[in-house]
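Engineer: For reference, this is final.txt, and it has compact mmCIF, C-alpha atoms and all ligand atoms.
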```txt
# COMPACT_ATOMS: atom_id res chain seq x y z
CA MET D 24 32.72 -44.80 30.26
CA GLY D 25 32.78 -43.05 33.66
CA PHE D 26 32.90 -39.27 33.78
CA ILE D 27 35.63 -39.15 36.43
CA SER D 28 39.15 -39.66 35.09
CA ASP D 29 41.04 -42.92 35.52
CA SER D 30 43.89 -41.07 37.19
CA LEU D 31 41.56 -39.64 39.85
CA ASN D 32 39.94 -43.02 40.37
CA ARG D 33 43.37 -44.40 41.29
CA ILE D 34 43.54 -42.28 44.46
CA GLN D 35 41.76 -41.87 47.80
CA PRO D 36 40.79 -38.72 49.71
CA SER D 37 43.16 -37.89 52.59
CA ALA D 38 42.27 -40.16 55.56
CA THR D 39 43.59 -37.68 58.10
CA ILE D 40 41.44 -34.86 56.74
CA ALA D 41 38.41 -37.22 56.67
CA ILE D 42 38.85 -38.19 60.34
CA SER D 43 39.44 -34.59 61.45
CA ASN D 44 36.25 -33.59 59.64
CA LYS D 45 34.33 -36.44 61.28
CA ALA D 46 35.53 -35.32 64.74
CA MET D 47 34.53 -31.72 63.97
CA THR D 48 31.05 -32.82 62.81
CA LEU D 49 30.49 -34.88 65.96
CA LYS D 50 31.61 -31.91 68.08
CA ALA D 51 29.23 -29.61 66.21
CA GLU D 52 26.45 -32.08 67.02
CA GLY D 53 27.22 -31.60 70.70
CA ARG D 54 29.23 -34.80 71.30
CA ASP D 55 32.13 -34.62 73.75
CA VAL D 56 34.91 -35.33 71.25
CA ILE D 57 38.66 -34.82 71.51
CA GLY D 58 40.23 -34.55 68.07
CA LEU D 59 43.79 -35.86 67.96
CA ALA D 60 43.81 -36.44 64.21
CA ALA D 61 44.84 -33.05 62.83
CA GLY D 62 48.46 -32.38 62.03
CA GLU D 63 48.82 -28.76 63.06
CA PRO D 64 50.25 -26.88 66.02
CA ASP D 65 47.68 -25.43 68.42
CA PHE D 66 49.93 -22.36 68.88
CA ASP D 67 49.01 -19.13 67.12
CA THR D 68 51.14 -17.63 64.33
CA PRO D 69 53.67 -15.26 65.99
CA GLN D 70 52.64 -11.60 66.01
CA ASN D 71 55.64 -10.31 63.98
CA ILE D 72 54.62 -12.64 61.14
CA LYS D 73 50.99 -11.47 61.25
CA ASP D 74 52.20 -7.86 61.28
CA ALA D 75 54.31 -8.47 58.16
CA ALA D 76 51.21 -9.73 56.37
CA ILE D 77 49.13 -6.72 57.46
CA LYS D 78 51.92 -4.43 56.30
CA ALA D 79 52.01 -6.19 52.94
CA ILE D 80 48.27 -5.64 52.48
CA GLN D 81 48.56 -1.98 53.44
CA ALA D 82 51.50 -1.51 51.06
CA GLY D 83 49.40 -2.89 48.20
CA LYS D 84 51.41 -6.08 47.81
CA THR D 85 48.21 -7.72 46.72
CA LYS D 86 48.87 -8.47 43.07
CA TYR D 87 50.12 -11.48 41.09
CA THR D 88 53.75 -12.27 41.79
CA ALA D 89 56.36 -14.36 40.00
CA VAL D 90 54.83 -17.84 39.67
CA ASP D 91 57.19 -19.64 42.03
CA GLY D 92 57.90 -16.90 44.55
CA ILE D 93 58.93 -13.27 45.08
CA PRO D 94 62.70 -12.61 45.00
CA GLU D 95 62.66 -11.51 48.66
CA LEU D 96 61.26 -14.89 49.74
CA LYS D 97 63.65 -16.82 47.51
CA LYS D 98 66.51 -14.88 49.09
CA ALA D 99 65.21 -15.68 52.60
CA ILE D 100 65.04 -19.38 51.62
CA VAL D 101 68.58 -19.33 50.15
CA ASP D 102 69.79 -17.77 53.42
CA LYS D 103 67.87 -20.33 55.50
CA PHE D 104 69.43 -23.28 53.66
CA LYS D 105 72.91 -21.79 54.11
CA ARG D 106 72.41 -20.83 57.76
CA GLU D 107 70.66 -23.95 59.00
CA ASN D 108 71.71 -26.72 56.64
CA GLY D 109 75.04 -25.59 55.20
CA LEU D 110 73.56 -25.90 51.70
CA ASP D 111 74.37 -23.46 48.87
CA TYR D 112 71.57 -22.69 46.46
CA LYS D 113 71.01 -19.89 43.97
CA PRO D 114 67.57 -18.23 43.91
CA SER D 115 67.02 -19.93 40.52
CA GLN D 116 67.26 -23.27 42.35
CA VAL D 117 64.43 -22.36 44.73
CA THR D 118 60.68 -22.78 44.27
CA VAL D 119 57.77 -21.62 46.44
CA GLY D 120 54.35 -23.26 46.37
CA THR D 121 50.98 -23.14 48.08
CA GLY D 122 52.06 -25.33 50.99
CA GLY D 123 54.63 -28.05 51.12
CA LYS D 124 52.02 -30.30 49.56
CA GLN D 125 52.08 -28.37 46.29
CA VAL D 126 55.88 -28.53 46.14
CA LEU D 127 55.76 -32.33 46.49
CA PHE D 128 52.90 -32.53 44.02
CA ASN D 129 54.76 -30.40 41.47
CA ALA D 130 57.96 -32.43 41.83
CA LEU D 131 56.23 -35.77 41.34
CA MET D 132 53.85 -34.64 38.59
CA ALA D 133 56.73 -33.00 36.73
CA THR D 134 58.93 -36.11 36.74
CA VAL D 135 56.99 -39.35 37.17
CA ASN D 136 56.00 -41.28 34.04
CA PRO D 137 53.69 -44.31 33.92
CA GLY D 138 55.69 -47.31 35.09
CA ASP D 139 58.16 -45.30 37.15
CA GLU D 140 58.66 -46.46 40.71
CA VAL D 141 58.91 -44.25 43.77
CA ILE D 142 60.20 -45.77 47.01
CA VAL D 143 58.01 -44.74 49.93
CA PRO D 144 59.20 -45.90 53.36
CA ALA D 145 56.27 -46.94 55.59
CA PRO D 146 54.74 -45.70 57.75
CA TYR D 147 54.39 -42.76 55.37
CA TRP D 148 52.59 -39.43 55.15
CA VAL D 149 49.20 -40.20 53.60
CA SER D 150 49.63 -38.11 50.45
CA TYR D 151 52.84 -39.59 49.00
CA PRO D 152 51.40 -42.78 47.46
CA ASP D 153 48.34 -41.02 46.10
CA ILE D 154 50.33 -38.27 44.38
CA VAL D 155 52.64 -40.92 42.87
CA MET D 156 49.62 -42.87 41.60
CA LEU D 157 47.94 -39.75 40.24
CA ALA D 158 51.09 -39.20 38.19
CA GLY D 159 50.80 -42.78 36.90
CA GLY D 160 53.74 -44.09 38.91
CA THR D 161 53.97 -47.04 41.27
CA PRO D 162 54.73 -46.50 44.95
CA VAL D 163 57.08 -49.18 46.28
CA PHE D 164 56.61 -49.52 50.02
CA VAL D 165 59.37 -50.54 52.38
CA GLU D 166 58.44 -51.02 56.03
CA GLY D 167 60.49 -49.43 58.76
CA LYS D 168 60.02 -51.89 61.61
CA LEU D 169 58.99 -50.88 65.13
CA GLU D 170 62.23 -52.40 66.49
CA ASN D 171 64.21 -50.07 64.17
CA GLY D 172 62.28 -47.03 65.40
CA PHE D 173 60.21 -47.16 62.16
CA LYS D 174 63.30 -46.20 60.13
CA LEU D 175 64.24 -47.48 56.68
CA GLN D 176 67.28 -49.76 56.77
CA ALA D 177 70.05 -49.60 54.16
CA ALA D 178 69.72 -53.28 53.15
CA ASP D 179 65.96 -52.88 52.61
CA LEU D 180 66.53 -49.75 50.51
CA GLU D 181 69.08 -51.60 48.38
CA LYS D 182 66.55 -54.40 47.77
CA ALA D 183 63.78 -51.98 46.81
CA ILE D 184 65.78 -50.14 44.13
CA SER D 185 65.11 -51.30 40.57
CA PRO D 186 66.01 -49.90 37.15
CA LYS D 187 62.57 -48.24 37.22
CA THR D 188 63.15 -46.36 40.50
CA LYS D 189 62.90 -42.62 39.99
CA TRP D 190 62.73 -41.24 43.51
CA LEU D 191 63.18 -42.17 47.13
CA ILE D 192 60.97 -40.07 49.41
CA LEU D 193 62.53 -39.51 52.82
CA ASN D 194 60.65 -37.73 55.59
CA SER D 195 62.53 -36.95 58.80
CA PRO D 196 61.16 -36.23 61.37
CA SER D 197 58.34 -38.38 60.12
CA ASN D 198 54.63 -37.92 59.93
CA PRO D 199 53.18 -40.25 61.32
CA SER D 200 55.87 -41.89 63.50
CA GLY D 201 57.89 -38.86 64.67
CA ALA D 202 61.04 -40.87 63.86
CA ALA D 203 64.03 -38.77 62.81
CA TYR D 204 67.24 -40.06 61.21
CA SER D 205 70.57 -39.25 62.83
CA ARG D 206 73.48 -38.28 60.58
CA ALA D 207 74.86 -41.85 60.79
CA GLU D 208 71.49 -43.37 59.94
CA LEU D 209 71.11 -41.05 56.96
CA LYS D 210 74.67 -41.75 55.82
CA ALA D 211 73.91 -45.48 55.71
CA LEU D 212 71.08 -44.69 53.28
CA THR D 213 72.97 -42.12 51.20
CA ASP D 214 75.84 -44.66 50.80
CA VAL D 215 73.33 -46.93 49.05
CA LEU D 216 71.99 -44.09 46.90
CA VAL D 217 75.46 -43.05 45.75
CA LYS D 218 75.71 -46.46 44.05
CA HIS D 219 72.48 -45.88 42.09
CA PRO D 220 72.86 -42.64 40.12
CA HIS D 221 69.42 -42.90 38.49
CA VAL D 222 67.61 -42.53 41.84
CA TRP D 223 66.66 -39.04 42.98
CA VAL D 224 65.97 -38.05 46.58
CA LEU D 225 62.94 -36.10 47.70
CA SER D 226 63.67 -35.03 51.24
CA ASP D 227 60.58 -33.79 53.06
CA ASP D 228 62.04 -31.75 55.93
CA MET D 229 58.74 -30.21 56.99
CA TYR D 230 59.32 -31.01 60.70
CA GLU D 231 63.01 -30.02 60.72
CA HIS D 232 62.75 -27.72 63.73
CA LEU D 233 60.52 -29.96 65.81
CA VAL D 234 63.13 -32.24 67.39
CA TYR D 235 63.72 -32.96 71.07
CA ASP D 236 66.39 -34.16 73.51
CA ASP D 237 69.25 -32.40 71.67
CA PHE D 238 68.62 -34.34 68.48
CA GLN D 239 70.69 -32.86 65.62
CA PHE D 240 68.71 -32.53 62.39
CA THR D 241 70.46 -33.25 59.08
CA THR D 242 69.23 -33.60 55.51
CA PRO D 243 70.52 -35.93 52.73
CA ALA D 244 72.14 -33.25 50.49
CA GLN D 245 74.08 -32.05 53.54
CA VAL D 246 75.14 -35.54 54.67
CA GLU D 247 76.22 -36.63 51.18
CA PRO D 248 77.20 -33.76 48.87
CA ALA D 249 77.42 -36.26 45.98
CA LEU D 250 73.61 -36.37 46.06
CA TYR D 251 73.18 -32.58 45.78
CA GLU D 252 72.68 -32.79 42.00
CA ARG D 253 69.75 -35.19 42.39
CA THR D 254 68.05 -34.06 45.56
CA LEU D 255 65.01 -31.88 46.08
CA THR D 256 65.15 -30.55 49.63
CA MET D 257 61.63 -29.58 50.59
CA ASN D 258 60.43 -27.63 53.59
CA GLY D 259 57.82 -25.05 54.58
CA VAL D 260 56.59 -22.68 57.23
CA SER D 261 53.39 -24.59 58.10
CA LYS D 262 54.53 -26.59 61.13
CA SER D 263 57.56 -24.87 62.70
CA TYR D 264 56.11 -21.37 62.32
CA CYS D 265 52.49 -22.31 63.16
CA MET D 266 51.34 -21.18 59.72
CA THR D 267 49.31 -24.12 58.38
CA GLY D 268 46.57 -21.87 57.04
CA TRP D 269 48.90 -19.49 55.23
CA ARG D 270 49.89 -22.16 52.70
CA ILE D 271 53.57 -21.58 51.97
CA GLY D 272 56.01 -24.39 51.24
CA TYR D 273 59.30 -24.39 49.37
CA GLY D 274 61.96 -26.58 47.85
CA ALA D 275 65.46 -26.31 46.43
CA GLY D 276 67.24 -28.50 43.92
CA PRO D 277 68.71 -28.66 40.43
CA GLU D 278 67.58 -25.85 38.15
CA PRO D 279 65.98 -27.98 35.39
CA LEU D 280 63.72 -29.64 37.98
CA ILE D 281 62.82 -26.30 39.59
CA LYS D 282 61.96 -24.87 36.14
CA ALA D 283 59.77 -27.86 35.31
CA MET D 284 57.92 -27.46 38.60
CA ALA D 285 57.34 -23.74 37.91
CA LYS D 286 55.97 -24.61 34.47
CA LEU D 287 53.40 -26.92 36.05
CA GLN D 288 52.49 -24.34 38.69
CA SER D 289 52.10 -21.67 35.97
CA GLN D 290 49.31 -23.77 34.47
CA SER D 291 47.61 -24.69 37.73
CA THR D 292 47.58 -22.27 40.68
CA SER D 293 50.14 -19.59 39.63
CA ASN D 294 51.77 -17.80 42.55
CA PRO D 295 51.06 -18.62 46.20
CA SER D 296 49.23 -15.80 48.03
CA SER D 297 51.34 -12.63 47.79
CA ILE D 298 50.45 -11.72 51.39
CA ALA D 299 51.41 -15.13 52.76
CA GLN D 300 54.72 -14.90 50.90
CA TRP D 301 55.56 -11.64 52.72
CA ALA D 302 54.59 -13.28 56.00
CA ALA D 303 56.95 -16.17 55.17
CA VAL D 304 59.80 -13.70 54.51
CA GLU D 305 59.34 -12.46 58.08
CA ALA D 306 59.03 -16.00 59.43
CA LEU D 307 62.38 -17.04 57.93
CA ASN D 308 64.27 -13.77 58.53
CA GLY D 309 62.70 -12.73 61.84
CA PRO D 310 63.28 -13.92 65.42
CA GLN D 311 63.37 -17.72 65.79
CA GLY D 312 63.23 -17.93 69.59
CA PHE D 313 59.59 -19.00 69.80
CA ILE D 314 60.41 -22.30 68.05
CA GLY D 315 62.51 -23.42 71.03
CA GLU D 316 59.81 -22.23 73.44
CA ASN D 317 57.14 -24.22 71.57
CA ASN D 318 59.45 -27.25 71.50
CA THR D 319 59.76 -27.22 75.28
CA VAL D 320 55.98 -27.58 75.48
CA PHE D 321 55.85 -30.21 72.71
CA LYS D 322 58.51 -32.29 74.46
CA GLN D 323 56.59 -32.23 77.76
CA ARG D 324 53.46 -33.32 75.92
CA ARG D 325 55.30 -36.06 74.06
CA ASP D 326 56.66 -37.45 77.32
CA LEU D 327 53.24 -37.27 78.96
CA VAL D 328 51.48 -39.03 76.08
CA VAL D 329 54.13 -41.75 75.71
CA ALA D 330 54.05 -42.48 79.45
CA MET D 331 50.25 -42.56 79.66
CA LEU D 332 49.80 -44.67 76.52
CA ASN D 333 52.32 -47.20 77.76
CA GLN D 334 50.09 -47.62 80.83
CA ALA D 335 47.11 -48.49 78.61
CA LYS D 336 46.42 -52.25 78.41
CA GLY D 337 47.50 -53.68 75.05
CA ILE D 338 49.23 -50.50 73.84
CA SER D 339 52.95 -50.08 73.31
CA CYS D 340 54.27 -46.63 72.45
CA PRO D 341 57.87 -45.89 71.43
CA THR D 342 59.37 -42.43 72.14
CA PRO D 343 59.87 -40.55 68.86
CA GLU D 344 62.68 -38.03 68.23
CA GLY D 345 60.56 -35.34 66.62
CA ALA D 346 57.43 -33.91 64.95
CA PHE D 347 54.28 -33.85 67.12
CA TYR D 348 53.01 -37.38 66.62
CA VAL D 349 53.25 -40.70 68.37
CA TYR D 350 52.57 -43.96 66.57
CA PRO D 351 51.70 -46.59 69.17
CA SER D 352 51.01 -50.23 68.46
CA CYS D 353 47.54 -51.52 69.39
CA HIS D 354 48.58 -55.12 68.75
CA GLY D 355 47.51 -56.16 72.25
CA CYS D 356 43.93 -54.98 71.62
CA ILE D 357 43.32 -56.91 68.41
CA GLY D 358 40.81 -59.77 68.80
CA LYS D 359 39.20 -58.19 71.88
CA THR D 360 35.59 -57.03 72.18
CA ALA D 361 34.69 -53.34 72.53
CA PRO D 362 31.85 -52.00 74.75
CA SER D 363 29.63 -51.93 71.62
CA GLY D 364 29.95 -55.72 71.35
CA ASN D 365 32.03 -55.44 68.18
CA VAL D 366 35.28 -57.36 67.89
CA ILE D 367 38.37 -55.25 67.14
CA ARG D 368 39.85 -56.95 64.09
CA ASN D 369 42.36 -54.29 63.05
CA ASP D 370 43.56 -50.74 63.76
CA GLU D 371 40.67 -49.19 61.83
CA ASP D 372 38.21 -50.99 64.14
CA PHE D 373 40.29 -49.83 67.11
CA VAL D 374 40.01 -46.11 66.24
CA THR D 375 36.34 -46.46 65.25
CA GLU D 376 35.42 -48.09 68.57
CA LEU D 377 37.59 -45.64 70.52
CA LEU D 378 35.72 -42.73 68.93
CA ALA D 379 32.33 -44.35 69.59
CA ALA D 380 33.06 -45.34 73.21
CA GLU D 381 35.21 -42.46 74.47
CA GLY D 382 34.99 -39.69 71.87
CA VAL D 383 38.72 -39.70 71.06
CA ALA D 384 39.55 -39.26 67.37
CA ALA D 385 42.86 -40.82 66.28
CA VAL D 386 43.96 -42.05 62.85
CA HIS D 387 44.36 -45.76 62.09
CA GLY D 388 47.79 -46.97 61.07
CA ALA D 389 46.53 -48.55 57.84
CA ALA D 390 46.10 -45.01 56.47
CA PHE D 391 49.89 -44.63 56.82
CA GLY D 392 50.67 -48.07 55.43
CA MET D 393 51.56 -49.88 58.64
CA SER D 394 49.30 -51.85 61.00
CA PRO D 395 48.27 -52.43 63.73
CA PHE D 396 49.14 -48.92 64.89
CA PHE D 397 47.40 -45.60 65.31
CA ARG D 398 48.58 -42.00 65.15
CA ILE D 399 47.99 -39.39 67.78
CA SER D 400 48.88 -35.75 67.25
CA TYR D 401 49.97 -34.16 70.53
CA ALA D 402 49.75 -30.61 69.15
CA THR D 403 46.85 -30.02 71.56
CA ALA D 404 46.54 -28.41 75.00
CA THR D 405 48.23 -30.51 77.69
CA ASN D 406 45.11 -30.90 79.87
CA VAL D 407 43.14 -32.09 76.83
CA LEU D 408 45.86 -34.63 76.04
CA GLU D 409 45.75 -35.88 79.61
CA ASP D 410 41.97 -36.29 79.38
CA ALA D 411 42.34 -38.11 76.02
CA CYS D 412 44.98 -40.50 77.37
CA ASN D 413 42.83 -41.26 80.43
CA ARG D 414 39.98 -42.11 78.07
CA ILE D 415 42.26 -44.36 75.98
CA GLN D 416 43.41 -46.14 79.15
CA ARG D 417 39.78 -46.63 80.21
CA PHE D 418 38.81 -47.87 76.72
CA CYS D 419 41.65 -50.40 76.62
CA GLY D 420 40.92 -51.50 80.18
CA ASN D 421 37.26 -52.15 79.27
CA LEU D 422 38.06 -54.38 76.29
CA ARG D 423 37.14 -58.01 76.91
C1 LIG L 1 55.30 -34.89 56.15
C2 LIG L 1 54.51 -33.77 55.61
N1 LIG L 1 54.88 -33.21 54.45
C3 LIG L 1 54.19 -32.21 53.89
C4 LIG L 1 53.08 -31.70 54.50
C5 LIG L 1 52.33 -30.58 53.82
O1 LIG L 1 52.46 -29.40 54.44
P1 LIG L 1 51.64 -28.11 53.99
O2 LIG L 1 50.54 -27.95 54.98
O3 LIG L 1 52.63 -26.99 54.02
O4 LIG L 1 51.12 -28.35 52.62
C6 LIG L 1 52.63 -32.23 55.71
C7 LIG L 1 51.41 -31.74 56.36
O5 LIG L 1 50.74 -32.40 57.09
C8 LIG L 1 53.38 -33.29 56.28
O6 LIG L 1 53.00 -33.85 57.43
```
I need this file expressed as structure tokens, please.
Ligand SMILES: Cc1ncc(COP(=O)(O)O)c(C=O)c1O
Structural biologist:
Amino acid sequence: MGFISDSLNRIQPSATIAISNKAMTLKAEGRDVIGLAAGEPDFDTPQNIKDAAIKAIQAGKTKYTAVDGIPELKKAIVDKFKRENGLDYKPSQVTVGTGGKQVLFNALMATVNPGDEVIVPAPYWVSYPDIVMLAGGTPVFVEGKLENGFKLQAADLEKAISPKTKWLILNSPSNPSGAAYSRAELKALTDVLVKHPHVWVLSDDMYEHLVYDDFQFTTPAQVEPALYERTLTMNGVSKSYCMTGWRIGYGAGPEPLIKAMAKLQSQSTSNPSSIAQWAAVEALNGPQGFIGENNTVFKQRRDLVVAMLNQAKGISCPTPEGAFYVYPSCHGCIGKTAPSGNVIRNDEDFVTELLAAEGVAAVHGAAFGMSPFFRISYATATNVLEDACNRIQRFCGNLR
């Protein structure tokens, strides 16, 4: 009998973290590497947020707190949901975890039994299937086709629902595709869900604020109030507030679910960092203007990257509505030979050869459940992105 548990053996380490680490190692060895694999803004945390954390330390707010969040942060989250999403929650319906990842983890671990199915639209964020499998559940993948902007279609959702379906995970704007659902597109999906009262909705709104071209963000519980009683609306400060290292995520939903999640957290990590919680209070209550300023830069970068990738031979790159990722197809490069002499059989070969030949680290689409694509994060300085895209163009042009 192996020492490592069966449940752990069911899952894989995060592919995005593995590739980011590989790029960092190569860089440390002196290689000229551009890492486009990490999913975090290159902008610094705003000063008022840092100051709030320093103040919290100086005021001695350095002790254990309530397991799933201090009242001040829960109040700030309640206010945020009301102000930005038109959603009414009580503080007892709110939970705070160590990053959005823990909130998702808690929700799935607290509810999924062996044999339960969780619908995961592909391409998906790498962690969803593994958390479902760790809990003993079965991820049911439904592909959002390139021609539909990578978005789940109502008819495909209907087909995927079975008596065993426990959750649908929706992530808009999406990591990895950047696709975001309009109100009408979400309504088409919520109309299906209304007919299936046993299916809960886990809405991962992590990239809510990162939308471009006047796109209007909406979330399922807002679009269809009938789903409020079975929706966990999850969000966090990591991406919009440039706070990936602070590790604060949150969610709101029905009280019994929130209590179950707190119970699990009480026996695992307890409260998220007290200092980071005070920083998050300032993030949510403080000035929001920098988000728009950052978005102006992100939009310029998105447009640059999309235009340059579409000039690369064999690459086709749609323009996403949000987040800071593009998810181009490398279909036209499959079957060709790289400078190393190796044939590119799939998207994993494509990113491996690209890293070897040009020192550009991207993540293969297979890691997100849809091939042959790759993901590029454009949360990197504009001149670096330009250099990276020139290298990709050269790489594609040199394939034989
Ligand atoms: C779609 C999505 N959800 C959740 C998370 C987790 O965020 P956090 O860093 O707050 O745990 C990420 C981070 O990459 C993400 O891309």
Engineer: Please provide as a VMD selection string all residues within 12 Å of Leu31 (chain D), with the sequence filter that same-chain residues fewer than 3 positions apart are discarded (counting only C-alpha atoms).
Structural biologist: chain D and resid 25 to 28 34 to 36 153 to 159
Engineer: Just checking: using all atoms listed in the file, which residue out of D:Glu63, D:Glu316, D:Glu371, D:Glu107 ends up closest to ligand LIG 1 (chain L)?
Structural biologist: D:Glu63
Engineer: Got a sec to check which residues lie within 10 Å of ligand LIG 1 (chain L), using only C-alpha atoms and all ligand atoms, and send them as a PyMOL selection string?
Structural biologist: chain D and resi 39-40+61-63+120-128+147-151+193-199+201+226-230+257-262+266-273+346-348
Engineer: Rank nothing, just name the residue among D:Ala244, D:Asp65, D:Ala335, D:Trp301 nearest to Ala275 (chain D), using all atoms listed in the file.
Structural biologist: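 Closest candidate: D:Ala244.
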Engineer: Which is closer to Tyr251 (chain D) than all the others in D:Gln116, D:Asn413, D:Asn369, D:Asn32, using all atoms listed in the file?
Structural biologist: D:Gln116
Engineer: Tell me which protein, DNA and RNA residues are within 8 Å of Val141 (chain D), counting only C-alpha atoms, leaving out same-chain ones fewer than 6 positions away, and put them as a PyMOL selection string.
Structural biologist: chain D and resi 155+160-163+188-192
Engineer: Keeping C-alpha atoms, export the residues of the selection given above as a compact mmCIF listing (two decimals), in the coordinates of the input.
Structural biologist:
```txt
# COMPACT_ATOMS: atom_id res chain seq x y z
CA VAL D 155 52.64 -40.92 42.87
CA GLY D 160 53.74 -44.09 38.91
CA THR D 161 53.97 -47.04 41.27
CA PRO D 162 54.73 -46.50 44.95
CA VAL D 163 57.08 -49.18 46.28
CA THR D 188 63.15 -46.36 40.50
CA LYS D 189 62.90 -42.62 39.99
CA TRP D 190 62.73 -41.24 43.51
CA LEU D 191 63.18 -42.17 47.13
CA ILE D 192 60.97 -40.07 49.41
```
Engineer: Smallest atom-to-atom distance to Lys84 (chain D): which of D:Cys353, D:Cys419, D:Cys340, D:Ala302, using only C-alpha atoms?
Structural biologist: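 Closest candidate: D:Ala302.
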Engineer: For Gly167 (chain D), find every residue with an atom within 8 Å (counting only C-alpha atoms), except residues of its own chain fewer than 4 positions away, and show them as a ChimeraX atom specification.
Structural biologist: /D:144-146,171-176
Engineer: Just need region 130-189 of chain D in a file, please: C-alpha atoms, as a CSV table (one decimal), in the first residue's frame.
Structural biologist:
```csv
chain,number,residue,atom,x,y,z
D,130,ALA,CA,-17.0,25.2,-1.0
D,131,LEU,CA,-16.2,22.0,-3.0
D,132,MET,CA,-14.7,20.1,-0.1
D,133,ALA,CA,-17.7,21.0,2.1
D,134,THR,CA,-20.3,19.8,-0.4
D,135,VAL,CA,-19.0,17.2,-2.9
D,136,ASN,CA,-19.5,13.5,-2.1
D,137,PRO,CA,-18.0,10.6,-4.1
D,138,GLY,CA,-20.0,10.2,-7.3
D,139,ASP,CA,-21.2,13.8,-7.4
D,140,GLU,CA,-20.7,15.6,-10.7
D,141,VAL,CA,-19.4,19.2,-11.1
D,142,ILE,CA,-19.8,20.8,-14.5
D,143,VAL,CA,-16.6,22.6,-15.5
D,144,PRO,CA,-16.7,24.6,-18.8
D,145,ALA,CA,-13.5,24.3,-20.7
D,146,PRO,CA,-11.1,25.9,-21.1
D,147,TYR,CA,-11.0,26.1,-17.3
D,148,TRP,CA,-8.8,27.5,-14.5
D,149,VAL,CA,-6.4,24.7,-13.7
D,150,SER,CA,-7.5,24.1,-10.1
D,151,TYR,CA,-11.2,23.4,-10.6
D,152,PRO,CA,-11.0,19.7,-11.8
D,153,ASP,CA,-8.3,18.8,-9.3
D,154,ILE,CA,-10.2,20.2,-6.3
D,155,VAL,CA,-13.3,18.4,-7.5
D,156,MET,CA,-11.3,15.1,-7.8
D,157,LEU,CA,-9.7,15.6,-4.4
D,158,ALA,CA,-13.2,15.8,-2.9
D,159,GLY,CA,-14.0,12.5,-4.7
D,160,GLY,CA,-16.3,14.1,-7.3
D,161,THR,CA,-16.3,13.9,-11.0
D,162,PRO,CA,-15.6,16.9,-13.2
D,163,VAL,CA,-17.8,17.0,-16.3
D,164,PHE,CA,-16.2,19.0,-19.0
D,165,VAL,CA,-18.1,21.0,-21.6
D,166,GLU,CA,-16.1,22.7,-24.2
D,167,GLY,CA,-16.8,26.4,-25.1
D,168,LYS,CA,-15.8,26.5,-28.8
D,169,LEU,CA,-13.5,29.1,-30.3
D,170,GLU,CA,-16.3,30.2,-32.6
D,171,ASN,CA,-18.5,30.9,-29.5
D,172,GLY,CA,-15.7,33.0,-27.9
D,173,PHE,CA,-14.9,30.0,-25.7
D,174,LYS,CA,-18.3,30.4,-23.9
D,175,LEU,CA,-20.6,27.6,-22.6
D,176,GLN,CA,-23.8,27.4,-24.7
D,177,ALA,CA,-27.2,26.8,-23.1
D,178,ALA,CA,-27.9,23.6,-25.1
D,179,ASP,CA,-24.5,22.1,-24.1
D,180,LEU,CA,-25.2,22.9,-20.4
D,181,GLU,CA,-28.6,21.3,-20.6
D,182,LYS,CA,-27.0,18.1,-22.0
D,183,ALA,CA,-24.3,18.0,-19.3
D,184,ILE,CA,-26.7,18.2,-16.4
D,185,SER,CA,-27.6,14.8,-14.8
D,186,PRO,CA,-29.3,13.8,-11.5
D,187,LYS,CA,-25.8,13.6,-10.0
D,188,THR,CA,-24.8,17.2,-10.9
D,189,LYS,CA,-24.1,19.2,-7.8
```
